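> One file is attached below, coords32.tsv, containing TSV, C-alpha atoms.
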```
chain	number	residue	atom	x	y	z
W	1	MET	CA	7.85	42.12	10.70
W	2	GLY	CA	10.40	41.59	7.90
W	3	VAL	CA	13.54	43.53	7.08
W	4	ASP	CA	12.61	46.57	4.99
W	5	VAL	CA	14.79	47.99	2.21
W	6	LEU	CA	16.38	50.63	4.44
W	7	SER	CA	17.28	48.08	7.10
W	8	TRP	CA	18.87	45.82	4.52
W	9	ARG	CA	20.96	48.70	3.19
W	10	LEU	CA	22.08	49.62	6.70
W	11	ILE	CA	23.10	46.02	7.39
W	12	LEU	CA	25.01	45.81	4.13
W	13	CYS	CA	26.82	49.11	4.70
W	14	SER	CA	27.73	48.13	8.26
W	15	LEU	CA	29.15	44.81	7.13
W	16	LEU	CA	31.09	46.42	4.33
W	17	VAL	CA	32.77	48.83	6.75
W	18	LEU	CA	33.28	46.12	9.37
W	19	LEU	CA	34.75	43.42	7.20
W	20	PHE	CA	36.21	44.26	3.82
W	21	ALA	CA	36.49	47.04	1.29
W	22	LYS	CA	34.80	46.14	-2.00
W	23	ASP	CA	36.82	45.95	-5.23
W	24	SER	CA	35.21	46.75	-8.54
W	25	SER	CA	36.67	43.77	-10.37
W	26	ALA	CA	37.21	40.22	-9.16
W	27	ARG	CA	39.63	39.55	-12.01
W	28	LYS	CA	41.71	42.65	-11.21
W	29	MET	CA	41.68	41.86	-7.50
W	30	THR	CA	43.05	38.37	-8.12
W	31	HIS	CA	45.96	39.65	-10.19
W	32	THR	CA	46.93	42.30	-7.66
W	33	ARG	CA	46.31	40.49	-4.39
W	34	TRP	CA	45.68	36.77	-4.28
W	35	ARG	CA	48.62	35.74	-6.46
W	36	GLU	CA	50.98	37.84	-4.36
W	37	VAL	CA	50.25	36.25	-0.99
W	38	SER	CA	53.52	35.33	0.66
W	39	ASP	CA	54.48	31.82	1.74
W	40	ASP	CA	54.08	32.61	5.43
W	41	ASP	CA	50.64	34.21	5.10
W	42	THR	CA	48.20	32.71	7.60
W	43	ASN	CA	45.00	34.35	6.43
W	44	GLY	CA	43.84	33.68	2.89
W	45	LEU	CA	46.29	31.27	1.34
W	46	GLN	CA	48.44	28.74	3.19
W	47	HIS	CA	50.97	27.45	0.67
W	48	ASN	CA	51.79	23.74	0.58
W	49	ARG	CA	48.41	22.85	2.07
W	50	GLU	CA	44.81	23.82	1.53
W	51	PRO	CA	44.50	27.35	3.00
W	52	ASP	CA	42.43	27.84	6.11
W	53	LEU	CA	40.80	24.45	5.66
W	54	GLN	CA	41.45	23.21	9.14
W	55	GLN	CA	40.22	26.43	10.69
W	56	LEU	CA	36.98	26.07	8.76
W	57	SER	CA	36.67	22.42	9.68
W	58	LYS	CA	37.12	23.21	13.34
W	59	ASP	CA	34.50	25.91	13.19
W	60	ASP	CA	31.86	23.53	11.90
W	61	HIS	CA	31.22	19.84	11.35
W	62	LEU	CA	33.11	19.33	8.09
W	63	LEU	CA	35.64	17.14	9.87
W	64	THR	CA	32.92	14.61	10.59
W	65	ARG	CA	33.25	13.69	6.92
W	66	HIS	CA	36.68	14.97	5.93
W	67	SER	CA	39.17	14.10	8.65
W	68	ARG	CA	41.78	13.36	5.98
W	69	ASP	CA	42.44	17.08	5.64
W	70	ARG	CA	43.98	17.21	9.09
W	71	ASP	CA	47.22	15.79	7.71
W	72	HIS	CA	47.88	19.04	5.88
W	73	ARG	CA	48.25	21.13	9.01
W	74	ASN	CA	52.06	21.15	9.02
W	75	HIS	CA	52.68	24.89	9.00
W	76	GLU	CA	53.94	26.95	11.89
W	77	HIS	CA	53.00	30.36	13.26
W	78	GLY	CA	55.45	32.60	15.05
W	79	HIS	CA	55.53	34.05	18.55
W	80	LEU	CA	54.55	30.86	20.34
W	81	SER	CA	55.39	30.38	23.96
W	82	SER	CA	57.75	27.49	24.66
W	83	HIS	CA	55.06	25.11	25.92
W	84	MET	CA	53.21	25.44	22.60
W	85	ASN	CA	56.14	24.99	20.21
W	86	HIS	CA	55.21	21.45	19.22
W	87	MET	CA	51.50	22.07	18.74
W	88	ASP	CA	49.49	23.48	15.88
W	89	PRO	CA	48.54	26.87	17.34
W	90	SER	CA	45.33	27.01	15.34
W	91	ASP	CA	44.09	24.14	17.49
W	92	LYS	CA	43.91	26.66	20.30
W	93	ILE	CA	40.34	27.74	19.77
W	94	PHE	CA	38.64	25.01	21.79
W	95	PHE	CA	37.45	25.00	25.38
W	96	THR	CA	34.75	23.39	27.49
W	97	ILE	CA	31.55	24.94	28.74
W	98	LYS	CA	32.93	24.64	32.27
W	99	ASP	CA	35.68	27.07	31.27
W	100	LEU	CA	33.14	29.87	30.77
W	101	GLN	CA	33.73	31.65	34.07
W	102	VAL	CA	35.31	34.92	35.13
W	103	GLY	CA	39.02	34.56	35.81
W	104	LYS	CA	39.56	31.51	33.63
W	105	THR	CA	42.69	31.79	31.48
W	106	LEU	CA	42.88	30.04	28.11
W	107	PRO	CA	45.45	30.04	25.28
W	108	ILE	CA	43.51	31.21	22.21
W	109	TYR	CA	44.57	31.63	18.60
W	110	PHE	CA	43.22	34.59	16.63
W	111	TYR	CA	44.56	35.04	13.12
W	112	TYR	CA	44.73	38.51	11.62
W	113	ARG	CA	43.53	39.18	8.07
W	114	ASP	CA	45.68	41.72	6.28
W	115	PRO	CA	43.33	43.74	4.03
W	116	SER	CA	46.17	44.54	1.62
W	117	THR	CA	46.63	40.87	0.68
W	118	SER	CA	43.19	39.46	1.38
W	119	PRO	CA	40.40	38.73	-1.11
W	120	HIS	CA	37.72	41.40	-1.24
W	121	LEU	CA	33.99	41.44	-1.60
W	122	ILE	CA	32.36	41.78	-4.97
W	123	SER	CA	28.81	42.78	-5.79
W	124	ARG	CA	26.01	40.30	-6.35
W	125	GLU	CA	25.86	41.44	-9.98
W	126	GLU	CA	29.49	40.59	-10.61
W	127	ALA	CA	29.34	37.38	-8.54
W	128	ASN	CA	26.37	36.19	-10.59
W	129	SER	CA	28.32	36.82	-13.79
W	130	ILE	CA	31.14	34.45	-12.74
W	131	PRO	CA	30.47	30.69	-12.66
W	132	PHE	CA	30.76	29.11	-9.20
W	133	SER	CA	30.92	25.40	-9.89
W	134	LEU	CA	33.51	22.65	-9.68
W	135	ALA	CA	32.64	21.66	-13.24
W	136	GLU	CA	33.68	25.16	-14.36
W	137	LEU	CA	37.06	25.08	-12.59
W	138	PRO	CA	39.14	24.94	-15.82
W	139	TYR	CA	37.33	28.04	-17.10
W	140	LEU	CA	37.73	29.77	-13.72
W	141	LEU	CA	41.48	29.12	-13.63
W	142	GLU	CA	41.77	30.66	-17.08
W	143	PHE	CA	39.54	33.56	-16.05
W	144	PHE	CA	41.76	34.33	-13.05
W	145	ALA	CA	44.98	33.49	-14.93
W	146	LEU	CA	45.99	30.77	-12.48
W	147	SER	CA	47.97	27.63	-13.17
W	148	LYS	CA	46.10	24.40	-12.46
W	149	GLU	CA	49.08	23.27	-10.33
W	150	SER	CA	49.18	26.43	-8.24
W	151	PRO	CA	48.22	26.53	-4.54
W	152	GLN	CA	45.46	28.95	-5.48
W	153	ALA	CA	43.97	26.43	-7.89
W	154	LYS	CA	44.02	23.73	-5.23
W	155	ALA	CA	42.34	26.12	-2.81
W	156	MET	CA	39.61	26.95	-5.32
W	157	GLN	CA	39.04	23.25	-6.00
W	158	TYR	CA	38.70	22.58	-2.28
W	159	THR	CA	36.23	25.40	-1.75
W	160	LEU	CA	34.06	24.44	-4.69
W	161	THR	CA	34.10	20.78	-3.56
W	162	GLN	CA	33.01	21.71	-0.04
W	163	CYS	CA	30.25	23.92	-1.36
W	164	GLU	CA	28.86	21.09	-3.49
W	165	LEU	CA	28.93	18.34	-0.83
W	166	GLU	CA	25.65	16.75	0.11
W	167	LEU	CA	23.92	17.99	3.24
W	168	MET	CA	24.35	16.19	6.52
W	169	GLU	CA	21.25	15.20	8.44
W	170	GLY	CA	19.66	18.28	9.98
W	171	GLU	CA	22.00	20.65	8.14
W	172	THR	CA	21.21	23.70	6.04
W	173	LYS	CA	24.09	25.25	4.14
W	174	PHE	CA	24.92	27.74	1.41
W	175	CYS	CA	28.10	29.22	-0.06
W	176	ALA	CA	27.56	32.95	-0.35
W	177	THR	CA	29.52	34.82	-3.00
W	178	SER	CA	28.16	38.24	-2.03
W	179	LEU	CA	26.74	39.93	1.04
W	180	GLU	CA	23.36	40.14	-0.61
W	181	SER	CA	23.19	36.38	-1.19
W	182	MET	CA	24.31	35.73	2.39
W	183	LEU	CA	21.50	37.93	3.69
W	184	ASP	CA	19.04	36.10	1.46
W	185	PHE	CA	20.16	32.78	2.96
W	186	ALA	CA	19.81	34.06	6.52
W	187	GLN	CA	16.35	35.38	5.76
W	188	ALA	CA	15.28	32.09	4.17
W	189	THR	CA	16.65	30.07	7.08
W	190	PHE	CA	15.00	32.09	9.84
W	191	GLY	CA	11.83	32.96	7.96
W	192	SER	CA	10.95	35.77	5.59
W	193	GLU	CA	9.15	37.72	8.32
W	194	THR	CA	12.05	37.48	10.79
W	195	GLN	CA	14.52	40.29	11.31
W	196	VAL	CA	18.13	39.20	11.55
W	197	LYS	CA	21.30	40.37	13.28
W	198	ALA	CA	24.96	39.81	12.43
W	199	LEU	CA	27.43	39.08	15.24
W	200	THR	CA	31.22	39.11	14.94
W	201	THR	CA	34.29	38.80	17.14
W	202	ASN	CA	35.76	42.27	17.64
W	203	HIS	CA	39.35	43.12	18.54
W	204	LEU	CA	39.57	46.47	20.30
W	205	ARG	CA	42.97	46.87	18.67
W	206	LYS	CA	44.94	44.99	16.00
W	207	PRO	CA	46.27	41.73	17.46
W	208	VAL	CA	50.02	41.83	18.08
W	209	VAL	CA	50.53	38.07	18.22
W	210	PRO	CA	48.31	35.30	16.81
W	211	ILE	CA	48.22	33.29	20.03
W	212	GLN	CA	48.48	34.21	23.68
W	213	ASN	CA	46.78	33.56	26.99
W	214	TYR	CA	43.44	35.31	27.39
W	215	THR	CA	41.52	35.70	30.63
W	216	ILE	CA	37.73	35.93	30.78
W	217	VAL	CA	37.24	39.33	32.40
W	218	GLU	CA	33.44	39.49	32.58
W	219	GLU	CA	30.67	36.97	33.11
W	220	PRO	CA	29.99	35.44	29.67
W	221	ARG	CA	26.61	36.48	28.30
W	222	GLU	CA	24.54	33.76	26.69
W	223	ILE	CA	22.68	34.83	23.56
W	224	LEU	CA	19.39	32.97	23.70
W	225	VAL	CA	18.22	32.17	20.17
W	226	PRO	CA	16.50	29.09	18.70
W	227	LYS	CA	18.79	28.85	15.67
W	228	VAL	CA	22.24	30.06	14.62
W	229	ILE	CA	23.95	30.43	11.25
W	230	GLY	CA	27.72	30.38	11.18
W	231	CYS	CA	29.40	31.87	8.10
W	232	HIS	CA	33.08	31.07	7.64
W	233	THR	CA	35.43	32.58	5.08
W	234	MET	CA	36.70	30.17	2.42
W	235	PRO	CA	39.87	30.41	0.30
W	236	TYR	CA	38.92	31.89	-3.05
W	237	PRO	CA	39.95	34.81	-5.32
W	238	TYR	CA	37.11	36.90	-3.89
W	239	VAL	CA	35.27	36.62	-0.58
W	240	VAL	CA	33.18	33.46	-0.25
W	241	TYR	CA	31.38	32.48	2.94
W	242	TYR	CA	30.47	28.90	3.80
W	243	CYS	CA	27.26	29.41	5.78
W	244	HIS	CA	25.54	26.61	7.63
W	245	SER	CA	23.01	25.90	10.32
W	246	GLN	CA	22.77	22.60	12.16
W	247	GLU	CA	19.76	21.35	14.05
W	248	GLY	CA	20.49	20.37	17.63
W	249	GLY	CA	21.65	21.95	20.82
W	250	ASN	CA	24.06	24.83	20.31
W	251	ARG	CA	24.60	27.59	22.85
W	252	LEU	CA	25.94	30.98	21.78
W	253	PHE	CA	27.95	33.30	24.03
W	254	GLU	CA	29.51	36.75	24.03
W	255	ILE	CA	32.85	36.51	25.84
W	256	SER	CA	35.02	39.41	27.04
W	257	LEU	CA	38.69	38.46	26.91
W	258	GLY	CA	41.80	40.22	28.16
W	259	GLY	CA	45.15	39.20	26.65
W	260	GLU	CA	48.34	38.91	28.62
W	261	ASN	CA	49.87	41.70	26.49
W	262	GLY	CA	46.89	44.01	27.03
W	263	ASP	CA	44.77	43.01	24.05
W	264	ARG	CA	41.00	43.13	24.56
W	265	VAL	CA	38.61	41.02	22.52
W	266	GLN	CA	34.82	40.83	22.48
W	267	ALA	CA	34.54	37.30	21.16
W	268	ILE	CA	31.58	35.30	19.91
W	269	GLY	CA	31.76	31.69	21.01
W	270	VAL	CA	29.57	28.66	20.46
W	271	CYS	CA	29.21	25.45	22.45
W	272	HIS	CA	28.12	22.36	20.50
W	273	MET	CA	26.19	20.38	23.07
W	274	ASP	CA	25.91	17.13	21.10
W	275	THR	CA	29.09	15.83	19.48
W	276	SER	CA	28.06	12.19	19.28
W	277	GLN	CA	28.05	12.21	15.46
W	278	TRP	CA	31.40	13.97	15.07
W	279	ASP	CA	34.45	12.27	13.61
W	280	PRO	CA	36.57	10.85	16.48
W	281	GLU	CA	39.61	12.39	14.76
W	282	ASN	CA	38.23	15.92	15.12
W	283	PRO	CA	41.12	17.90	16.70
W	284	SER	CA	38.82	19.27	19.40
W	285	PHE	CA	38.70	15.85	21.08
W	286	ARG	CA	42.48	15.61	21.14
W	287	VAL	CA	42.85	19.15	22.50
W	288	LEU	CA	40.18	18.72	25.19
W	289	LYS	CA	41.05	15.06	25.87
W	290	ILE	CA	37.45	13.90	25.49
W	291	LYS	CA	35.56	11.50	23.23
W	292	PRO	CA	32.59	12.16	20.92
W	293	GLY	CA	29.34	12.64	22.77
W	294	THR	CA	30.89	12.81	26.24
W	295	ALA	CA	30.95	16.59	26.68
W	296	PRO	CA	30.15	19.81	24.81
W	297	VAL	CA	32.84	21.31	22.57
W	298	CYS	CA	33.13	25.10	22.55
W	299	HIS	CA	35.13	27.39	20.29
W	300	VAL	CA	35.49	31.06	19.43
W	301	PHE	CA	34.81	32.51	15.99
W	302	PRO	CA	37.61	34.35	14.14
W	303	ALA	CA	37.03	38.03	13.52
W	304	ASP	CA	36.25	37.57	9.83
W	305	ASN	CA	33.47	35.03	10.47
W	306	ILE	CA	29.87	36.15	10.77
W	307	VAL	CA	27.25	34.64	13.05
W	308	TRP	CA	23.63	35.34	12.10
W	309	VAL	CA	20.84	35.15	14.66
W	310	PRO	CA	17.14	36.02	14.52
W	311	LEU	CA	15.94	39.11	16.34
W	312	LEU	CA	13.29	37.91	18.77
W	313	SER	CA	10.41	40.17	19.70
```
Using the file provided, produce a representation of the structure as structure tokens.

Amino acid sequence: MGVDVLSWRLILCSLLVLLFAKDSSARKMTHTRWREVSDDDTNGLQHNREPDLQQLSKDDHLLTRHSRDRDHRNHEHGHLSSHMNHMDPSDKIFFTIKDLQVGKTLPIYFYYRDPSTSPHLISREEANSIPFSLAELPYLLEFFALSKESPQAKAMQYTLTQCELELMEGETKFCATSLESMLDFAQATFGSETQVKALTTNHLRKPVVPIQNYTIVEEPREILVPKVIGCHTMPYPYVVYYCHSQEGGNRLFEISLGGENGDRVQAIGVCHMDTSQWDPENPSFRVLKIKPGTAPVCHVFPADNIVWVPLLS
């Protein structure tokens, strides 16, 4: 049975409340928010490097083709414990499937998106009225009143480039510029008669620090589904999700985490069972001290990512 109109509206409303407030104008939003992001912002726009690119690459297989981007990860995040001072804290999202046991403690990085300075959702109608193409970048920079040399322009160029890359073998992908288009992609991927469900990582309170030690406090629950779509936020004047699904063995888990400062997180994590085709320079191999194809690589999803799964009868 497919998703009826009421169900679709309920899903959309839930996501709107859960993720972002919607602005009425993408142009106005850019002028008031995106251009004012500070130099130490770690959410939407990382100055002096492509924003959030490494986080996206770690969350999917983009690094199998674009390992050159790793050289831009030269920023720092505060509040690191002394044994992490010389490491990129955003590398701290990886673990092995053997780590999924009660009592295991892992250093994990969760960035916090500040709604006051973050891009917002726009409607499908407005998104469809704005070109979304690398060929239209000069027009887009003029539309959003951005200099072609600005960090924002470089971020837009990166996002549009990633969205137009050719598919990898066994991959399905789509860059969603509205919630409605993201739902359409999920429905097309799983089948028009399949109901869908959105999963997210939930912090029970606002994170105090971006990285700390978390302990698995309950037995991880595996979510048994035949296919998964991961949607990752991309740097852009309004919210854009890079959504993709890869054929092959992936295992999805719900993980209850307790932070050393009292934080509680219900995290969604995925284990990629076959990494034989990944780029050897993928940071996960360095962090876990393994080689491609020798062991599964697992990671948690940030809170602003969405994981779509089919509802099985």
> Using all atoms listed in the file, can you tell me which of W:Gln162, W:Gln152, W:Asn202, W:Thr294 comes closest to Tyr241 in chain W?
W:Gln162
> Once you count all atoms listed in the file, what closest atom pair and distance in Å to one decimal does each residue of range 212-254 of chain W within 9 Å of range 187-200 of chain W have, with rows by chain and rising residue number, as JSON lines?

```
{"residue": "W:Lys227", "atom": "CA", "partner": "W:Phe190", "partner_atom": "CA", "distance": 7.7}
{"residue": "W:Val228", "atom": "CA", "partner": "W:Phe190", "partner_atom": "CA", "distance": 8.9}
{"residue": "W:Ile229", "atom": "CA", "partner": "W:Thr189", "partner_atom": "CA", "distance": 8.4}
{"residue": "W:Ser245", "atom": "CA", "partner": "W:Thr189", "partner_atom": "CA", "distance": 8.3}
```
> Please compute the CA of Ile216 in chain W-CA of Val102 in chain W distance, one decimal, in Å.
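Distance reported for this atom pair: 5.1 Å.
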> One number please: CA of Lys173 in chain W to CA of Glu281 in chain W, in Å, one decimal.
22.8 Å
> Between W:Ser256, W:Gln266, W:Thr215, W:Thr161, single out the one closest to Thr105 in chain W, counting all atoms listed in the file.
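Checking each of W:Ser256, W:Gln266, W:Thr215, W:Thr161 against Thr105 in chain W, counting all atoms listed in the file, the winner is W:Thr215.
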> Which residue out of W:Pro296, W:Pro151, W:Pro119, W:Gly248 has the minimum interatomic distance to Gly170 in chain W when all atoms listed in the file are used?
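Among the listed residues, W:Gly248 lies closest to Gly170 in chain W.
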> Between CA of Gly293 in chain W and CA of Gly230 in chain W, measure the distance and give it in Å to one decimal.
21.3 Å
